[in-house]
$ cat run_22.txt   # compact mmCIF, C-alpha atoms
# COMPACT_ATOMS: atom_id res chain seq x y z
CA MET A 1 -28.94 4.28 5.99
CA PRO A 2 -25.22 3.65 6.57
CA GLU A 3 -23.04 2.73 3.60
CA ILE A 4 -19.41 1.62 3.87
CA LEU A 5 -16.57 2.38 1.46
CA PHE A 6 -13.96 -0.40 1.53
CA LEU A 7 -10.60 0.63 0.02
CA VAL A 8 -8.38 -2.37 -0.76
CA HIS A 9 -4.88 -2.50 -2.26
CA ARG A 10 -5.62 -5.86 -3.94
CA ALA A 11 -9.21 -6.76 -4.82
CA PRO A 12 -10.24 -9.31 -2.19
CA TRP A 13 -10.89 -12.28 -4.43
CA PRO A 14 -9.76 -15.02 -4.73
CA PRO A 15 -8.65 -15.45 -1.09
CA ASP A 16 -5.54 -17.40 -2.06
CA ARG A 17 -2.78 -15.29 -0.50
CA GLY A 18 -2.33 -13.76 2.92
CA ASP A 19 -3.55 -10.23 2.23
CA ARG A 20 -6.56 -11.33 0.18
CA ILE A 21 -7.58 -13.91 2.78
CA ARG A 22 -7.81 -11.20 5.43
CA SER A 23 -9.43 -8.60 3.17
CA TRP A 24 -12.03 -11.09 1.89
CA HIS A 25 -13.15 -12.01 5.40
CA MET A 26 -13.13 -8.35 6.35
CA PHE A 27 -15.38 -7.62 3.35
CA GLU A 28 -17.76 -10.39 4.43
CA ALA A 29 -17.90 -8.97 7.95
CA LEU A 30 -18.56 -5.43 6.70
CA ALA A 31 -21.29 -6.63 4.34
CA LYS A 32 -23.19 -7.96 7.36
CA LEU A 33 -23.19 -4.45 8.85
CA ALA A 34 -24.21 -2.29 5.87
CA PRO A 35 -24.08 -2.09 2.06
CA VAL A 36 -20.45 -1.95 0.92
CA HIS A 37 -18.84 -0.03 -1.94
CA VAL A 38 -15.49 -1.59 -2.91
CA ALA A 39 -12.70 0.42 -4.53
CA ALA A 40 -9.64 -1.70 -5.21
CA LEU A 41 -6.56 -2.26 -7.29
CA ALA A 42 -5.52 -5.48 -9.02
CA ASP A 43 -2.06 -6.71 -9.96
CA ASN A 44 -3.15 -7.78 -13.45
CA ASP A 45 -6.17 -8.08 -15.76
CA ALA A 46 -6.81 -11.72 -14.86
CA ASP A 47 -7.02 -10.94 -11.15
CA ALA A 48 -9.31 -8.01 -11.90
CA ALA A 49 -11.67 -10.17 -13.97
CA LEU A 50 -11.93 -12.85 -11.28
CA ALA A 51 -12.62 -10.26 -8.60
CA ARG A 52 -15.28 -8.44 -10.66
CA ALA A 53 -17.15 -11.68 -11.37
CA LYS A 54 -17.29 -12.58 -7.68
CA LEU A 55 -17.73 -9.19 -6.04
CA ALA A 56 -20.10 -7.35 -8.38
CA PRO A 57 -23.26 -9.14 -7.15
CA LEU A 58 -22.21 -8.64 -3.51
CA CYS A 59 -21.40 -4.89 -3.53
CA LYS A 60 -23.43 -1.70 -3.66
CA SER A 61 -20.82 -0.55 -6.19
CA LEU A 62 -17.47 -1.86 -7.41
CA ALA A 63 -14.44 -0.10 -8.90
CA ILE A 64 -11.30 -2.10 -9.74
CA GLU A 65 -8.31 -0.60 -11.55
CA GLY A 66 -5.15 -2.37 -12.65
CA ARG A 67 -1.79 -1.37 -11.21
CA ARG A 68 0.35 0.22 -13.92
CA VAL A 69 3.29 1.79 -12.10
CA SER A 70 6.68 0.06 -12.37
CA ARG A 71 9.08 -0.03 -9.43
CA PRO A 72 11.72 2.20 -11.07
CA ILE A 73 9.11 4.85 -11.90
CA ALA A 74 7.59 4.60 -8.42
CA LEU A 75 11.04 5.03 -6.87
CA ALA A 76 11.84 8.08 -9.00
CA GLU A 77 8.49 9.74 -8.30
CA ALA A 78 8.70 9.00 -4.58
CA VAL A 79 12.18 10.50 -4.26
CA LEU A 80 11.18 13.62 -6.18
CA ARG A 81 8.05 14.11 -4.07
CA ARG A 82 9.63 13.00 -0.78
CA GLU A 83 7.00 10.29 -0.32
CA PRO A 84 7.14 6.54 0.37
CA VAL A 85 7.80 4.28 -2.62
CA SER A 86 5.10 1.91 -1.33
CA ILE A 87 2.47 4.60 -1.85
CA HIS A 88 3.45 5.28 -5.47
CA LEU A 89 3.36 1.58 -6.33
CA PHE A 90 -0.38 1.62 -5.56
CA ARG A 91 -1.25 5.02 -7.01
CA SER A 92 -3.99 5.17 -9.63
CA LYS A 93 -5.45 8.43 -10.88
CA ALA A 94 -8.41 6.54 -12.31
CA LEU A 95 -9.27 4.92 -9.00
CA ALA A 96 -8.76 8.21 -7.14
CA ARG A 97 -11.29 9.90 -9.46
CA GLN A 98 -13.85 7.15 -8.85
CA VAL A 99 -13.36 7.30 -5.08
CA ASP A 100 -13.71 11.11 -5.06
CA ALA A 101 -16.89 10.92 -7.12
CA LEU A 102 -18.39 8.27 -4.87
CA ILE A 103 -17.66 10.19 -1.68
CA GLY A 104 -18.87 13.41 -3.32
CA ARG A 105 -22.36 11.94 -3.77
CA GLY A 106 -22.73 12.00 0.02
CA ASP A 107 -23.95 8.42 0.51
CA ILE A 108 -20.81 7.08 2.23
CA SER A 109 -21.10 7.15 6.02
CA HIS A 110 -18.10 4.97 6.99
CA ILE A 111 -14.71 4.19 5.43
CA VAL A 112 -12.43 1.20 6.00
CA ALA A 113 -9.01 1.26 4.29
CA PHE A 114 -7.10 -2.00 4.01
CA SER A 115 -3.29 -1.68 3.92
CA GLY A 116 -1.37 1.55 4.35
CA GLN A 117 -1.03 2.00 0.58
CA MET A 118 -4.74 2.86 0.41
CA ALA A 119 -4.52 5.75 2.87
CA GLN A 120 -3.73 8.03 -0.09
CA TYR A 121 -7.36 7.62 -1.26
CA LEU A 122 -8.87 8.88 2.00
CA PRO A 123 -10.58 12.28 1.72
CA ALA A 124 -8.94 15.23 3.45
CA ARG A 125 -12.19 15.81 5.32
CA PHE A 126 -14.81 13.23 6.21
CA ASP A 127 -17.51 13.42 8.87
CA GLY A 128 -17.94 9.69 9.54
CA PRO A 129 -15.71 7.05 11.19
CA VAL A 130 -12.59 5.95 9.31
CA LEU A 131 -10.76 2.71 10.17
CA MET A 132 -7.24 2.08 8.87
CA ASP A 133 -6.19 -1.58 8.76
CA PHE A 134 -2.42 -1.37 8.40
CA VAL A 135 -2.21 -5.17 8.95
CA ASP A 136 1.54 -5.00 9.68
CA VAL A 137 3.96 -2.20 10.52
CA ASP A 138 5.39 -2.11 7.00
CA SER A 139 8.01 0.51 7.86
CA ALA A 140 9.51 -1.91 10.40
CA LYS A 141 9.77 -4.52 7.65
CA PHE A 142 11.84 -2.16 5.52
CA GLY A 143 13.97 -1.36 8.55
CA ALA A 144 14.69 -5.06 8.92
CA TYR A 145 15.53 -5.32 5.23
CA ALA A 146 17.99 -2.45 5.62
CA LYS A 147 19.78 -4.24 8.45
CA GLN A 148 19.96 -7.51 6.49
CA ASP A 149 21.37 -6.09 3.25
CA ARG A 150 23.80 -3.39 4.39
CA ARG A 151 26.19 -4.23 1.53
CA GLN A 152 23.57 -4.23 -1.23
CA PRO A 153 23.59 -1.32 -3.72
CA LEU A 154 19.95 -0.40 -3.02
CA ASN A 155 20.26 -0.54 0.76
CA TRP A 156 19.57 3.20 0.86
CA VAL A 157 16.11 2.55 -0.63
CA HIS A 158 15.14 0.34 2.30
CA ARG A 159 16.60 2.77 4.84
CA ARG A 160 14.74 5.64 3.23
CA GLU A 161 11.47 3.67 3.04
CA ALA A 162 11.68 2.69 6.71
CA ARG A 163 12.03 6.36 7.67
CA VAL A 164 9.61 7.99 5.23
CA LEU A 165 6.94 5.31 5.38
CA GLY A 166 7.18 5.25 9.17
CA ALA A 167 6.37 8.96 9.34
CA TYR A 168 3.55 8.50 6.82
CA GLU A 169 1.99 5.66 8.86
CA VAL A 170 2.02 7.75 12.05
CA GLY A 171 0.50 10.75 10.24
CA ILE A 172 -2.37 8.64 8.90
CA ALA A 173 -2.97 6.96 12.26
CA ARG A 174 -3.41 10.36 13.90
CA ARG A 175 -6.13 11.28 11.39
CA VAL A 176 -8.35 8.19 11.64
CA ALA A 177 -10.69 6.90 14.34
CA ALA A 178 -8.62 3.75 14.91
CA SER A 179 -5.73 1.81 13.37
CA LEU A 180 -5.82 -1.98 13.22
CA PHE A 181 -2.99 -4.51 13.17
CA VAL A 182 -2.97 -8.25 12.72
CA SER A 183 -1.39 -9.08 16.08
CA GLU A 184 -0.90 -7.53 19.48
CA ALA A 185 2.86 -7.56 18.87
CA GLU A 186 2.43 -5.37 15.77
CA ALA A 187 -0.05 -3.11 17.57
CA ALA A 188 2.31 -2.68 20.54
CA LEU A 189 5.19 -1.83 18.22
CA PHE A 190 3.10 0.82 16.48
CA ARG A 191 1.89 2.30 19.78
CA GLN A 192 5.56 2.69 20.74
CA LYS A 193 6.44 4.29 17.39
CA SER A 194 3.43 6.61 17.24
CA GLY A 195 2.78 7.46 20.88
CA LEU A 196 -0.91 6.66 20.34
CA ALA A 197 -2.92 4.90 23.03
CA ALA A 198 -4.53 1.46 22.98
CA ASP A 199 -7.97 2.89 22.13
CA LYS A 200 -6.51 4.24 18.86
CA VAL A 201 -4.25 1.27 17.96
CA LEU A 202 -5.81 -2.18 18.25
CA ALA A 203 -5.15 -5.77 17.26
CA VAL A 204 -7.74 -7.55 15.10
CA GLY A 205 -6.21 -10.89 14.32
CA ASN A 206 -6.49 -13.26 11.38
CA GLY A 207 -8.64 -16.36 11.48
CA ILE A 208 -8.90 -19.63 9.60
CA ASP A 209 -11.78 -21.50 7.95
CA THR A 210 -11.48 -24.81 9.81
CA ASP A 211 -14.30 -26.35 7.75
CA ARG A 212 -12.34 -25.84 4.56
CA PHE A 213 -8.96 -26.64 6.09
CA ASP A 214 -10.08 -29.98 7.49
CA PRO A 215 -7.80 -33.06 7.29
CA ALA A 216 -10.87 -35.33 7.21
CA LEU A 217 -11.76 -34.11 3.70
CA PRO A 218 -10.68 -36.26 0.73
CA PHE A 219 -7.62 -34.97 -1.15
CA ASP A 220 -5.86 -36.33 -4.21
CA PRO A 221 -2.36 -37.63 -3.44
CA VAL A 222 0.56 -35.32 -4.23
CA GLY A 223 4.29 -35.31 -3.65
CA HIS A 224 4.85 -38.82 -4.92
CA GLY A 225 7.83 -40.46 -3.25
CA ASP A 226 8.75 -42.70 -0.36
CA GLY A 227 10.68 -40.36 1.94
CA PRO A 228 9.23 -38.15 4.69
CA LEU A 229 8.02 -34.81 3.36
CA ALA A 230 8.52 -31.30 4.76
CA VAL A 231 6.35 -28.62 3.11
CA PHE A 232 6.75 -24.84 2.94
CA THR A 233 3.95 -22.74 1.41
CA GLY A 234 3.78 -19.12 0.34
CA GLN A 235 3.96 -16.50 -2.38
CA MET A 236 7.34 -17.43 -3.80
CA ASP A 237 8.36 -14.11 -5.32
CA TYR A 238 8.17 -12.50 -1.87
CA ARG A 239 11.64 -11.85 -0.46
CA PRO A 240 11.16 -13.34 3.04
CA ASN A 241 9.71 -16.53 1.52
CA ILE A 242 12.56 -16.77 -0.98
CA ASP A 243 15.15 -16.41 1.76
CA ALA A 244 13.36 -18.98 3.93
CA ALA A 245 13.21 -21.58 1.15
CA ARG A 246 16.86 -21.05 0.25
CA TRP A 247 17.97 -21.33 3.87
CA PHE A 248 16.03 -24.54 4.47
CA ALA A 249 17.24 -26.15 1.24
CA ALA A 250 20.89 -25.14 1.68
CA ASP A 251 21.46 -25.45 5.43
CA ILE A 252 18.68 -27.48 7.04
CA LEU A 253 17.66 -30.17 4.56
CA PRO A 254 21.22 -31.61 4.29
CA LEU A 255 21.26 -32.07 8.09
CA ILE A 256 17.90 -33.82 7.93
CA ARG A 257 18.98 -36.10 5.09
CA ARG A 258 21.96 -37.34 7.13
CA ARG A 259 19.40 -39.03 9.39
CA HIS A 260 16.60 -39.50 6.85
CA PRO A 261 18.35 -39.93 3.47
CA ALA A 262 15.07 -40.01 1.53
CA ALA A 263 13.66 -36.85 3.13
CA ARG A 264 12.05 -34.38 0.74
CA PHE A 265 11.35 -30.65 0.90
CA ALA A 266 8.48 -29.20 -1.16
CA VAL A 267 8.25 -25.47 -1.87
CA VAL A 268 4.60 -24.87 -2.74
CA GLY A 269 3.42 -21.51 -4.04
CA ARG A 270 2.86 -19.29 -7.03
CA ALA A 271 5.38 -17.20 -8.96
CA PRO A 272 8.61 -18.87 -7.76
CA SER A 273 11.58 -16.62 -8.45
CA ALA A 274 14.59 -17.85 -10.43
CA GLU A 275 16.37 -18.42 -7.12
CA VAL A 276 13.55 -20.64 -5.91
CA ARG A 277 13.23 -22.56 -9.18
CA ALA A 278 16.95 -23.31 -9.02
CA LEU A 279 16.45 -25.11 -5.70
CA ALA A 280 14.78 -27.98 -7.57
CA LYS A 281 18.24 -29.02 -8.79
CA GLN A 282 19.19 -30.00 -5.24
CA PRO A 283 18.58 -33.58 -4.06
CA GLY A 284 15.23 -33.97 -2.36
CA VAL A 285 13.84 -30.52 -3.28
CA ILE A 286 10.51 -30.11 -5.08
CA VAL A 287 9.36 -26.72 -6.43
CA THR A 288 5.72 -26.92 -7.49
CA GLY A 289 4.98 -23.41 -8.67
CA GLU A 290 1.33 -22.37 -8.46
CA VAL A 291 -1.06 -25.13 -7.42
CA PRO A 292 -4.87 -25.06 -7.66
CA ASP A 293 -5.20 -25.98 -3.99
CA VAL A 294 -2.58 -25.97 -1.24
CA ARG A 295 -4.54 -28.34 1.00
CA PRO A 296 -3.44 -31.62 -0.66
CA TRP A 297 0.19 -30.64 -0.06
CA LEU A 298 -0.52 -29.85 3.56
CA ALA A 299 -2.37 -33.16 3.94
CA ALA A 300 0.63 -35.01 2.49
CA ALA A 301 3.19 -33.29 4.72
CA ASP A 302 4.87 -35.13 7.57
CA ALA A 303 5.91 -31.69 8.82
CA VAL A 304 5.13 -28.15 7.71
CA VAL A 305 8.03 -25.76 8.09
CA ALA A 306 8.18 -21.96 8.31
CA PRO A 307 11.89 -21.07 8.47
CA LEU A 308 11.28 -17.35 8.03
CA LEU A 309 14.17 -15.08 8.98
CA LEU A 310 11.90 -12.03 8.68
CA ALA A 311 8.17 -12.12 9.41
CA ARG A 312 5.55 -9.53 10.33
CA GLY A 313 2.17 -10.09 11.91
CA VAL A 314 0.46 -13.48 11.74
CA GLN A 315 1.51 -16.08 9.18
CA ASN A 316 -1.57 -17.50 7.47
CA LYS A 317 0.54 -20.41 6.28
CA LEU A 318 0.85 -21.56 9.89
CA LEU A 319 -2.87 -21.19 10.61
CA GLU A 320 -3.65 -23.29 7.54
CA ALA A 321 -1.16 -26.02 8.43
CA MET A 322 -2.32 -26.19 12.05
CA ALA A 323 -5.99 -26.31 11.01
CA MET A 324 -5.03 -29.26 8.80
CA ALA A 325 -3.63 -31.00 11.92
CA ARG A 326 -0.08 -30.88 10.59
CA PRO A 327 2.84 -30.65 13.00
CA VAL A 328 4.63 -27.36 12.42
CA VAL A 329 8.25 -26.30 12.89
CA ALA A 330 8.59 -22.52 12.76
CA SER A 331 11.20 -19.89 13.42
CA ALA A 332 10.52 -17.59 16.35
CA ALA A 333 9.81 -14.76 13.88
CA ALA A 334 7.18 -16.85 12.07
CA ALA A 335 5.56 -18.04 15.31
CA THR A 336 5.21 -14.53 16.76
CA GLY A 337 1.56 -13.55 16.94
CA ILE A 338 0.24 -17.14 16.84
CA ASP A 339 -1.85 -17.89 19.92
CA ALA A 340 -0.30 -21.30 20.55
CA ALA A 341 2.07 -22.91 23.04
CA PRO A 342 5.52 -23.98 21.73
CA GLY A 343 6.07 -27.64 22.45
CA GLU A 344 2.35 -28.35 22.58
CA HIS A 345 0.80 -26.90 19.43
CA LEU A 346 3.96 -26.36 17.36
CA LEU A 347 7.76 -26.46 17.60
CA VAL A 348 9.88 -23.31 17.49
CA ALA A 349 13.53 -23.37 16.40
CA ASP A 350 15.79 -20.56 15.25
CA ASP A 351 19.05 -22.06 13.98
CA ALA A 352 19.64 -24.69 11.33
CA ALA A 353 20.67 -27.47 13.73
CA ALA A 354 17.68 -26.92 16.04
CA MET A 355 15.25 -26.79 13.13
CA ALA A 356 16.71 -29.97 11.65
CA ASP A 357 16.44 -31.71 15.03
CA ALA A 358 12.81 -30.68 15.37
CA VAL A 359 11.88 -31.90 11.88
CA CYS A 360 13.75 -35.18 12.43
CA MET A 361 11.91 -35.72 15.71
CA LEU A 362 8.59 -35.40 13.89
CA PHE A 363 9.75 -37.68 11.09
CA GLY A 364 10.93 -40.28 13.59
CA ASP A 365 7.99 -40.24 16.01
CA ARG A 366 4.76 -40.35 14.03
CA ASP A 367 2.60 -40.72 17.16
CA ALA A 368 4.05 -37.55 18.71
CA ALA A 369 3.68 -35.75 15.38
CA ALA A 370 0.03 -36.78 15.07
CA HIS A 371 -0.68 -35.75 18.67
CA MET A 372 0.83 -32.30 18.07
CA GLY A 373 -1.15 -31.92 14.85
CA GLN A 374 -4.43 -32.73 16.59
CA ALA A 375 -3.63 -30.30 19.41
CA ALA A 376 -2.87 -27.62 16.81
CA ARG A 377 -6.20 -28.15 15.03
CA ALA A 378 -8.10 -28.01 18.33
CA ARG A 379 -6.37 -24.70 19.07
CA MET A 380 -7.39 -23.28 15.70
CA ILE A 381 -11.02 -24.31 16.18
CA ALA A 382 -11.12 -22.80 19.66
CA ARG A 383 -9.36 -19.48 18.96
CA TYR A 384 -9.37 -18.62 15.26
CA GLY A 385 -12.90 -18.55 13.82
CA TRP A 386 -13.21 -15.65 11.33
CA ASP A 387 -16.56 -14.44 12.68
CA ALA A 388 -15.05 -14.02 16.15
CA ARG A 389 -11.91 -12.37 14.78
CA MET A 390 -13.82 -9.77 12.75
CA ALA A 391 -16.50 -9.15 15.40
CA PRO A 392 -14.88 -5.92 16.73
CA LEU A 393 -15.46 -4.10 13.42
CA GLY A 394 -19.10 -3.33 14.18
CA ALA A 395 -18.34 -1.66 17.50
CA LEU A 396 -15.38 0.25 16.07
CA LEU A 397 -17.59 1.64 13.30
CA GLY A 398 -20.54 2.25 15.60
CA LEU A 399 -22.71 -0.13 13.57
CA PRO A 400 -24.85 -2.82 15.25
CA ALA A 401 -24.44 -6.37 13.98
$ encode --input "run_22.txt" --output "structure tokens"
Amino acid sequence: MPEILFLVHRAPWPPDRGDRIRSWHMFEALAKLAPVHVAALADNDADAALARAKLAPLCKSLAIEGRRVSRPIALAEAVLRREPVSIHLFRSKALARQVDALIGRGDISHIVAFSGQMAQYLPARFDGPVLMDFVDVDSAKFGAYAKQDRRQPLNWVHRREARVLGAYEVGIARRVAASLFVSEAEAALFRQKSGLAADKVLAVGNGIDTDRFDPALPFDPVGHGDGPLAVFTGQMDYRPNIDAARWFAADILPLIRRRHPAARFAVVGRAPSAEVRALAKQPGVIVTGEVPDVRPWLAAADAVVAPLLLARGVQNKLLEAMAMARPVVASAAAATGIDAAPGEHLLVADDAAAMADAVCMLFGDRDAAAHMGQAARARMIARYGWDARMAPLGALLGLPA
């Protein structure tokens, strides 16, 4: 009987952030194919406890270890060993021992590794199919960071990571049966970088649970106030999200408030950095911190914004907003990889004036905003069901559904 080992850089529960949403639905899809052994890391003890309670009854076996390596130590070790920093941040000797023991018993027939950081746990030799879900081309992200912060003291870290991690990603991709990416744009970029063909580098996109993200469900009111509300959601200690929130608050919201003086901007997401918390001092800005459920904020939004200057792959925040029938204004970077037509399902704008104009149009024409929101939800229902998105896994692993 086939048995699958699923290696995950963050235990896939709860599905409340982009990586865990994808890995949870991937786990569900794999569990329909064969018994699954999960070996994962967790950012802290609370996350580990939640994941164990949910996953233990669903797995053939479960191993979760907490991440203990600090960034300075990871950087020092990576430089000494000429390896990517990203890999050392997710290195656990305890998890490696458990993975080796599990594979050594001979029951594992297939391996799926989620995120490039977990490639270090793959065995040097393995007879069965191995899938590597890189999700995004992480090395390209560090390359973009390096271009953005040329004057920063640690710029060399980003330049080094782009180079070293890029070589590591290509080396792994040449070892495995196939490498997966969250969008065709990411897959095409990696094919160009690696020289591998389309049968070895494929796009398996993200989906959205349109039953859960349904505007017809009852939600408690949030965001009390009279002015029109723009909402931005995300993990708010993540650099691209921090930069996006700061840019919107500093450069775009003032332009909007010239035409809509009572307009508000809500930054909704866990772990807001000090820079993000400071935005709440500005007129019209709300910083919620972690919320138990993002859907009430989406339901309350007159527009959902994604002013990301740097984005990789598919933005789950956009899928969620569009499933909730919210009109979306996104940067071109954030909209890349979304199977939707600009002007019909969402608005795309790249500079502050254009983004302000787009938001003001939605604030001023509620009928047009509602029509765009309904078109966006219809698009999500038609194209983004999770079962359809994860369906290729069975064929790639050689396992019948």
$ closest_residue --input "run_22.txt" --among "A:Pro296, A:Leu279, A:Val182, A:Arg175" --to "Pro221 (chain A)" --atoms "only C-alpha atoms"
A:Pro296
$ residues_near_point --input "run_22.txt" --point "(1.3, -8.5, 17.6)" --cutoff "12 Å" --atoms "all atoms listed in the file" --output "VMD selection string"
chain A and resid 135 to 137 180 to 191 201 to 206 311 to 315 333 to 339
$ residues_around --input "run_22.txt" --residues "region 8-15 of chain A" --least-positions-apart "2" --cutoff "8 Å" --atoms "only C-alpha atoms" --output "PyMOL selection string"
chain A and resi 6+17-24+27+38-43+47-48+50-51+54-55+64+90+113-115+117-118
$ atom_distance --input "run_22.txt" --atom1 "CA of Leu229 (chain A)" --atom2 "CA of Ala378 (chain A)"
23.0 Å
$ residues_around --input "run_22.txt" --residues "Asp127 (chain A)" --least-positions-apart "3" --cutoff "9 Å" --atoms "only C-alpha atoms" --output "JSON, numbers by chain"
{"A": [109, 110, 130]}
$ residues_around --input "run_22.txt" --residues "Pro342 (chain A)" --least-positions-apart "4" --cutoff "12 Å" --atoms "all atoms listed in the file" --output "count of residues only"
17
$ closest_residue --input "run_22.txt" --among "A:Lys147, A:Arg295, A:His371, A:Arg379" --to "Ala216 (chain A)" --atoms "all atoms listed in the file"
A:Arg295
$ residues_near_point --input "run_22.txt" --point "(-9.7, 5.7, -10.0)" --cutoff "12 Å" --atoms "all atoms listed in the file" --output "list in words"
Leu7, Val38, Ala39, Ala40, Leu41, Ala42, Leu62, Ala63, Ile64, Glu65, Gly66, Arg67, Phe90, Arg91, Ser92, Lys93, Ala94, Leu95, Ala96, Arg97, Gln98, Val99, Asp100, Ala101, Leu102, Met118, Gln120 and Tyr121 of chain A
$ atom_distance --input "run_22.txt" --atom1 "CA of Ala53 (chain A)" --atom2 "CA of Ile4 (chain A)"
20.4 Å
$ residues_around --input "run_22.txt" --residues "Asp199 (chain A)" --least-positions-apart "3" --cutoff "10 Å" --atoms "only C-alpha atoms" --output "count of residues only"
6
$ closest_residue --input "run_22.txt" --among "A:Ala56, A:Met26, A:Val359, A:Ala76" --to "Ile256 (chain A)" --atoms "all atoms listed in the file"
A:Val359
$ atom_distance --input "run_22.txt" --atom1 "CA of Val36 (chain A)" --atom2 "CA of Val112 (chain A)"
10.0 Å
$ closest_residue --input "run_22.txt" --among "A:Ile208, A:Ala140, A:Leu310, A:Ala244" --to "Asp387 (chain A)" --atoms "only C-alpha atoms"
A:Ile208
$ closest_residue --input "run_22.txt" --among "A:Leu131, A:Asp251, A:Leu58, A:Pro2" --to "Leu33 (chain A)" --atoms "all atoms listed in the file"
A:Pro2
$ decode --input "run_22.txt" --residues "region 148-159 of chain A" --atoms "C-alpha atoms" --output "PDB file, in the first residue's frame"
ATOM      1  CA  GLN A 148      15.108  47.868  -3.294  1.00  0.00           C
ATOM      2  CA  ASP A 149      17.529  48.365  -0.388  1.00  0.00           C
ATOM      3  CA  ARG A 150      20.880  49.023  -2.069  1.00  0.00           C
ATOM      4  CA  ARG A 151      21.836  51.523   0.651  1.00  0.00           C
ATOM      5  CA  GLN A 152      20.916  49.311   3.607  1.00  0.00           C
ATOM      6  CA  PRO A 153      23.768  47.841   5.698  1.00  0.00           C
ATOM      7  CA  LEU A 154      22.569  44.246   5.205  1.00  0.00           C
ATOM      8  CA  ASN A 155      22.024  44.544   1.462  1.00  0.00           C
ATOM      9  CA  TRP A 156      24.808  42.007   0.952  1.00  0.00           C
ATOM     10  CA  VAL A 157      22.713  39.403   2.805  1.00  0.00           C
ATOM     11  CA  HIS A 158      19.900  39.708   0.277  1.00  0.00           C
ATOM     12  CA  ARG A 159      22.308  39.664  -2.670  1.00  0.00           C
TER      13      ARG A 159
END
